[in-house]
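Printed here is structure_27.tsv (TSV, C-alpha atoms):
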```
chain	number	residue	atom	x	y	z
A	1	MET	CA	-97.59	149.99	121.96
A	2	THR	CA	-95.67	149.36	125.16
A	3	VAL	CA	-95.30	146.04	126.99
A	4	ASP	CA	-94.37	145.92	130.67
A	5	ARG	CA	-93.54	142.53	132.16
A	6	LEU	CA	-93.89	141.84	135.86
A	7	THR	CA	-92.77	138.42	137.07
A	8	VAL	CA	-95.02	137.43	139.96
A	9	GLY	CA	-95.95	134.59	142.27
A	10	ALA	CA	-94.46	131.35	143.51
A	11	VAL	CA	-93.80	129.92	140.04
A	12	MET	CA	-92.51	133.15	138.46
A	13	THR	CA	-95.42	133.87	136.13
A	14	ASN	CA	-95.07	136.63	133.56
A	15	CYS	CA	-97.86	139.18	133.88
A	16	TYR	CA	-97.99	141.70	131.05
A	17	ILE	CA	-99.39	145.20	130.97
A	18	VAL	CA	-99.98	146.20	127.35
A	19	SER	CA	-100.61	149.89	126.72
A	20	ASP	CA	-100.98	152.50	124.01
A	21	ARG	CA	-98.30	155.18	124.33
A	22	GLU	CA	-100.64	157.97	123.23
A	23	THR	CA	-104.06	157.16	124.70
A	24	ARG	CA	-102.72	155.33	127.82
A	25	ASP	CA	-105.36	152.61	127.28
A	26	ALA	CA	-104.14	149.32	128.73
A	27	VAL	CA	-104.99	145.65	129.20
A	28	VAL	CA	-103.54	143.29	131.79
A	29	ILE	CA	-102.68	139.77	130.65
A	30	ASP	CA	-102.42	136.92	133.18
A	31	PRO	CA	-102.25	138.69	136.57
A	32	GLY	CA	-100.91	135.67	138.42
A	33	ALA	CA	-100.21	137.28	141.82
A	34	SER	CA	-99.06	140.50	143.49
A	35	ALA	CA	-102.09	142.65	142.71
A	36	GLU	CA	-100.56	145.62	144.55
A	37	LYS	CA	-97.40	145.44	142.45
A	38	ILE	CA	-99.37	145.31	139.21
A	39	ALA	CA	-101.72	148.10	140.28
A	40	GLY	CA	-98.74	150.19	141.33
A	41	LYS	CA	-97.16	149.90	137.87
A	42	ILE	CA	-100.45	150.89	136.25
A	43	ARG	CA	-100.72	154.00	138.44
A	44	GLU	CA	-97.04	154.85	138.07
A	45	LYS	CA	-97.42	155.01	134.29
A	46	GLY	CA	-100.78	156.77	134.36
A	47	LEU	CA	-102.50	154.01	132.44
A	48	ILE	CA	-106.22	153.47	131.92
A	49	PRO	CA	-107.02	149.74	132.29
A	50	LYS	CA	-109.72	148.50	129.93
A	51	ALA	CA	-109.75	144.74	130.60
A	52	ILE	CA	-108.04	141.74	132.15
A	53	LEU	CA	-107.29	138.93	129.70
A	54	LEU	CA	-106.44	135.33	130.60
A	55	THR	CA	-104.53	132.98	128.33
A	56	HIS	CA	-105.82	130.15	130.53
A	57	GLY	CA	-107.23	129.55	133.99
A	58	HIS	CA	-104.46	127.93	136.02
A	59	PHE	CA	-104.05	129.37	139.51
A	60	ASP	CA	-100.70	130.97	138.78
A	61	HIS	CA	-102.25	133.13	136.06
A	62	ILE	CA	-105.37	134.31	137.90
A	63	MET	CA	-104.63	134.98	141.56
A	64	ALA	CA	-104.50	138.79	141.27
A	65	ALA	CA	-107.40	139.04	138.84
A	66	GLU	CA	-110.19	139.64	141.35
A	67	LYS	CA	-108.41	142.45	143.21
A	68	LEU	CA	-107.48	144.19	139.98
A	69	ARG	CA	-111.00	143.82	138.62
A	70	GLN	CA	-112.37	145.55	141.69
A	71	GLU	CA	-109.58	148.14	141.87
A	72	PHE	CA	-110.03	149.36	138.31
A	73	ALA	CA	-113.66	148.37	137.63
A	74	VAL	CA	-112.82	146.37	134.52
A	75	LYS	CA	-114.10	143.10	133.11
A	76	LEU	CA	-112.27	139.78	133.13
A	77	TYR	CA	-112.13	137.75	129.90
A	78	CYS	CA	-111.24	134.14	129.12
A	79	SER	CA	-112.13	131.61	126.43
A	80	GLU	CA	-115.45	129.83	126.60
A	81	ALA	CA	-113.71	126.48	127.08
A	82	GLU	CA	-111.66	127.80	129.99
A	83	ARG	CA	-114.44	129.24	132.12
A	84	GLU	CA	-114.87	126.12	134.26
A	85	ILE	CA	-111.14	125.88	134.98
A	86	CYS	CA	-111.06	129.46	136.23
A	87	MET	CA	-113.77	128.71	138.75
A	88	ASP	CA	-112.63	125.28	140.01
A	89	THR	CA	-109.65	124.98	142.37
A	90	GLU	CA	-109.18	121.32	141.45
A	91	LEU	CA	-109.08	121.94	137.71
A	92	ASN	CA	-106.94	125.07	137.94
A	93	MET	CA	-104.37	123.20	140.06
A	94	GLY	CA	-104.60	125.69	142.90
A	95	ARG	CA	-105.62	123.12	145.47
A	96	ALA	CA	-102.76	120.80	144.51
A	97	PHE	CA	-100.24	123.58	145.08
A	98	GLY	CA	-101.87	125.03	148.20
A	99	PHE	CA	-103.52	128.05	146.58
A	100	LEU	CA	-107.32	128.02	146.79
A	101	SER	CA	-107.79	130.63	144.10
A	102	SER	CA	-110.67	130.87	141.65
A	103	VAL	CA	-112.37	133.60	139.68
A	104	VAL	CA	-115.60	133.99	137.72
A	105	PRO	CA	-115.02	135.55	134.28
A	106	ASP	CA	-117.29	138.38	133.17
A	107	GLU	CA	-117.04	137.64	129.46
A	108	THR	CA	-115.78	134.86	127.19
A	109	PHE	CA	-114.35	134.89	123.68
A	110	LYS	CA	-113.90	132.45	120.79
A	111	ASP	CA	-111.08	131.41	118.49
A	112	GLY	CA	-110.41	134.01	115.83
A	113	GLN	CA	-112.34	136.74	117.59
A	114	GLU	CA	-110.95	140.26	117.47
A	115	LEU	CA	-110.92	141.94	120.86
A	116	ILE	CA	-111.03	145.73	120.96
A	117	PHE	CA	-110.39	147.69	124.15
A	118	GLY	CA	-110.18	151.40	123.52
A	119	SER	CA	-107.28	151.95	121.13
A	120	LEU	CA	-105.90	148.42	121.62
A	121	SER	CA	-106.93	145.38	119.59
A	122	CYS	CA	-105.77	141.79	119.32
A	123	LYS	CA	-106.82	138.47	117.82
A	124	VAL	CA	-107.64	135.39	119.88
A	125	ILE	CA	-105.80	132.26	118.74
A	126	ALA	CA	-107.05	129.03	120.31
A	127	THR	CA	-104.13	126.80	121.33
A	128	PRO	CA	-105.49	123.88	123.36
A	129	GLY	CA	-103.10	121.31	124.76
A	130	HIS	CA	-101.79	122.80	128.00
A	131	THR	CA	-105.46	123.19	128.95
A	132	ARG	CA	-108.59	122.59	126.89
A	133	GLY	CA	-109.36	126.28	126.45
A	134	GLY	CA	-105.93	127.86	126.36
A	135	VAL	CA	-105.39	130.75	123.94
A	136	CYS	CA	-102.75	133.17	122.74
A	137	PHE	CA	-103.25	136.87	122.03
A	138	TYR	CA	-101.83	138.18	118.76
A	139	PHE	CA	-101.28	141.90	118.27
A	140	ASP	CA	-100.93	141.79	114.50
A	141	GLY	CA	-99.93	145.41	113.95
A	142	GLU	CA	-97.10	145.12	116.46
A	143	GLY	CA	-96.01	141.60	115.52
A	144	ILE	CA	-96.35	140.44	119.14
A	145	LEU	CA	-97.79	137.20	120.50
A	146	PHE	CA	-98.62	136.54	124.15
A	147	SER	CA	-98.34	132.77	124.28
A	148	GLY	CA	-99.32	131.94	127.86
A	149	ASP	CA	-98.16	128.41	128.71
A	150	THR	CA	-98.44	127.13	125.15
A	151	LEU	CA	-95.01	128.09	123.79
A	152	PHE	CA	-91.86	128.96	125.75
A	153	PHE	CA	-88.26	129.70	124.87
A	154	GLU	CA	-87.00	126.31	123.63
A	155	SER	CA	-89.88	124.59	125.40
A	156	VAL	CA	-93.64	124.09	125.57
A	157	GLY	CA	-96.30	123.91	128.26
A	158	ARG	CA	-96.64	120.73	130.29
A	159	THR	CA	-99.62	118.53	129.54
A	160	ASP	CA	-99.89	116.29	132.59
A	161	PHE	CA	-102.48	118.51	134.30
A	162	PRO	CA	-106.27	118.02	133.88
A	163	GLY	CA	-107.28	118.76	130.30
A	164	GLY	CA	-103.73	118.54	128.96
A	165	ASN	CA	-102.91	116.69	125.77
A	166	ALA	CA	-99.40	116.57	124.29
A	167	LYS	CA	-100.48	115.73	120.74
A	168	VAL	CA	-103.03	118.53	120.71
A	169	LEU	CA	-100.50	121.02	122.11
A	170	ILE	CA	-97.94	120.29	119.39
A	171	GLU	CA	-100.66	120.53	116.75
A	172	SER	CA	-101.69	123.91	118.18
A	173	ILE	CA	-98.15	125.24	118.02
A	174	LYS	CA	-97.43	123.99	114.52
A	175	GLY	CA	-100.85	124.79	113.07
A	176	GLN	CA	-101.69	128.04	114.83
A	177	LEU	CA	-98.43	129.68	115.90
A	178	PHE	CA	-95.76	128.55	113.45
A	179	VAL	CA	-97.84	129.95	110.58
A	180	LEU	CA	-97.37	133.46	111.97
A	181	PRO	CA	-94.59	135.65	110.51
A	182	ASP	CA	-91.12	134.49	111.53
A	183	THR	CA	-90.43	137.91	113.01
A	184	THR	CA	-93.29	137.61	115.51
A	185	LYS	CA	-92.04	138.31	119.03
A	186	VAL	CA	-93.25	135.79	121.60
A	187	TYR	CA	-93.96	136.85	125.18
A	188	PRO	CA	-94.52	133.62	127.16
A	189	GLY	CA	-96.23	132.91	130.46
A	190	HIS	CA	-92.92	131.95	132.07
A	191	GLY	CA	-89.29	132.55	131.23
A	192	SER	CA	-87.54	134.49	128.49
A	193	PHE	CA	-88.82	136.21	125.38
A	194	THR	CA	-88.35	134.49	122.03
A	195	ASP	CA	-89.64	134.65	118.45
A	196	ILE	CA	-91.35	132.34	115.99
A	197	ALA	CA	-88.34	131.88	113.71
A	198	TYR	CA	-86.10	130.85	116.60
A	199	GLU	CA	-88.60	128.33	117.95
A	200	LYS	CA	-89.15	126.78	114.53
A	201	MET	CA	-85.45	126.07	114.36
A	202	ASN	CA	-84.57	125.34	117.98
A	203	ASN	CA	-87.55	124.07	119.96
A	204	PRO	CA	-86.80	120.37	120.59
A	205	TYR	CA	-90.30	119.52	121.80
A	206	VAL	CA	-91.89	120.63	118.57
A	207	ASN	CA	-89.21	119.57	116.11
A	208	GLU	CA	-88.38	116.12	117.41
A	209	GLU	CA	-90.26	113.01	118.43
A	210	GLY	CA	-90.29	111.91	122.04
A	211	TYR	CA	-92.27	114.59	123.86
A	212	LEU	CA	-92.51	113.02	127.31
A	213	TYR	CA	-95.44	114.67	129.09
```

Show me this structure written as structure tokens.
Amino acid sequence: MTVDRLTVGAVMTNCYIVSDRETRDAVVIDPGASAEKIAGKIREKGLIPKAILLTHGHFDHIMAAEKLRQEFAVKLYCSEAEREICMDTELNMGRAFGFLSSVVPDETFKDGQELIFGSLSCKVIATPGHTRGGVCFYFDGEGILFSGDTLFFESVGRTDFPGGNAKVLIESIKGQLFVLPDTTKVYPGHGSFTDIAYEKMNNPYVNEEGYLY
């Protein structure tokens, strides 16, 4: 499996293109902006997009989704609890930041569900706290987690937006992510790569009291 990261948009969102080296099947995770740039990378590598996956519905993770859906004739997926956020510019914070972006998902998924797109498969891990319906995508065979805005390098997602809850977020990280193998590589929605072992030892928001948001 190959992972290409493209950092896009006003708040430097990490969009990931996950692909199978042999079949060229691919999924796009969190296309936050710059649809042409993302589409160009897909064409450059000769990939066959199978789906667009959203970790959550905030504007900075969805703004290129509609163009890519039309360009490659694929479906857009989010969690059931996140559907409303994707469609509402108030809830997805787009209006507050001057981006009136919304999108209507084609399909929804549930916690623990296995998603299969061609030769690619991953597990949905519900991690509410940043938003009510936020999720992570775990590619078990590769030991890779796409954590969206739940877990960052030495940090966590903010919880002062609609639907955010600091206590729930920390519970999600400890109960859903920190039980994964220590060697699991973490590809976050913003910033640098990390891994589960490092965050267990060094993430101050999870390991100490006094989370401020």

Can you build me a table of segment 77-178 of chain A residues sitting at most 9 Å from segment 46-58 of chain A, with the closest atom pair per residue and its distance in Å to one decimal, using only C-alpha atoms, sorted by chain and residue number, as a tab-separated table?
```
residue	atom	partner	partner_atom	distance
A:Tyr77	CA	A:Leu53	CA	5.0
A:Cys78	CA	A:Leu54	CA	5.2
A:Ser79	CA	A:His56	CA	7.7
A:Glu82	CA	A:Gly57	CA	6.2
A:Arg83	CA	A:Gly57	CA	7.5
A:Glu84	CA	A:Gly57	CA	8.4
A:Ile85	CA	A:Gly57	CA	5.5
A:Cys86	CA	A:Gly57	CA	4.4
A:Met87	CA	A:Gly57	CA	8.1
A:Thr89	CA	A:His58	CA	8.7
A:Leu91	CA	A:His58	CA	7.8
A:Asn92	CA	A:His58	CA	4.2
A:Met93	CA	A:His58	CA	6.2
A:Gly94	CA	A:His58	CA	7.2
A:Ser102	CA	A:Gly57	CA	8.5
A:Val103	CA	A:Gly57	CA	8.7
A:Phe117	CA	A:Lys50	CA	5.9
A:Gly118	CA	A:Lys50	CA	7.1
A:His130	CA	A:His56	CA	8.8
A:Thr131	CA	A:His56	CA	7.1
A:Arg132	CA	A:His56	CA	8.8
A:Gly133	CA	A:His56	CA	6.6
A:Gly134	CA	A:His56	CA	4.8
A:Val135	CA	A:Thr55	CA	5.0
A:Cys136	CA	A:Thr55	CA	5.9
A:Phe137	CA	A:Thr55	CA	7.5
A:Phe146	CA	A:Thr55	CA	8.1
A:Ser147	CA	A:Thr55	CA	7.4
A:Gly148	CA	A:Thr55	CA	5.3
A:Asp149	CA	A:Thr55	CA	7.8
```

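Those residues that approach Gly141 of chain A to within 12 Å, counting all atoms listed in the file, are Met1, Leu120, Ser121, Cys122, Lys123, Pro181, Thr184 and Lys185 of chain A; same-chain residues fewer than 6 positions away are not listed.
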
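Those residues that approach segment 70-72 of chain A to within 12 Å, counting only C-alpha atoms, are Ala26, Val27, Val28, Ala35, Glu36, Ile38, Ala39, Gly40, Ile42, Arg43, Leu47, Ile48, Pro49, Lys50, Ala51, Ile52, Ala64, Ala65, Glu66, Lys67, Lys75 and Leu76 of chain A; same-chain residues fewer than 3 positions away are not listed.
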
Q: Go through A:Tyr187, A:Gly112, A:Asn203, A:Phe59 one by one, measure the shortest atom-to-atom distance of each to Ile17 of chain A using all atoms listed in the file, and give the residue with the smallest value.
A: A:Tyr187

Compile the contact shell of Asn165 of chain A as an mmCIF file with C-alpha atoms, in the frame of the given file: residues with an atom at most 7 Å away, counting only C-alpha atoms, same-chain residues fewer than 4 positions apart removed.
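Generated file (part.cif):
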```cif
data_model
loop_
_atom_site.group_PDB
_atom_site.id
_atom_site.type_symbol
_atom_site.label_atom_id
_atom_site.label_comp_id
_atom_site.auth_asym_id
_atom_site.auth_seq_id
_atom_site.Cartn_x
_atom_site.Cartn_y
_atom_site.Cartn_z
ATOM 1 C CA GLY A 129 -103.100 121.310 124.760
ATOM 2 C CA HIS A 130 -101.790 122.800 128.000
ATOM 3 C CA THR A 159 -99.620 118.530 129.540
ATOM 4 C CA LEU A 169 -100.500 121.020 122.110
#
```

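Of the residues listed (A:Gly175, A:Gly32, A:Gly189, A:Pro204), A:Pro204 shows the shortest atom-to-atom separation from Ser155 of chain A; distances use all atoms listed in the file.
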
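The two atoms in question, atom CA of Phe193 of chain A and atom CA of Arg5 of chain A, are spaced 10.4 Å apart.
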
**Q.** Counting only C-alpha atoms, the residue of A:His190, A:Glu114, A:Phe153, A:Glu142 that sits nearest Gly9 of chain A
**A.** A:His190

Q: Would you mind telling me which residue in A:Ala166, A:Val104, A:Ile116, A:Ala197 lies nearest to Glu154 of chain A when using all atoms listed in the file?
A: A:Ala197

Q: To one decimal in Å, tell me the separation between atom CA of Asp20 of chain A and atom CA of Thr2 of chain A.
A: 6.3 Å

Q. Any idea what the distance is between atom CA of Gly143 of chain A and atom CA of Pro188 of chain A?
A. 14.2 Å

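Considering the residues A:Thr183, A:Ser119, A:Asn207, A:Thr150 and counting only C-alpha atoms, Asp25 of chain A has its shortest atom-to-atom contact with A:Ser119.
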
Kindly provide, as JSON, the centre and edge lengths (Å, one decimal) of an axis-aligned box around all atoms of segment 52-59 of chain A given in the file, with 4 Å on each side.
```
{"center_x": -106.0, "center_y": 134.8, "center_z": 133.9, "size_x": 12.0, "size_y": 21.8, "size_z": 19.2}
```
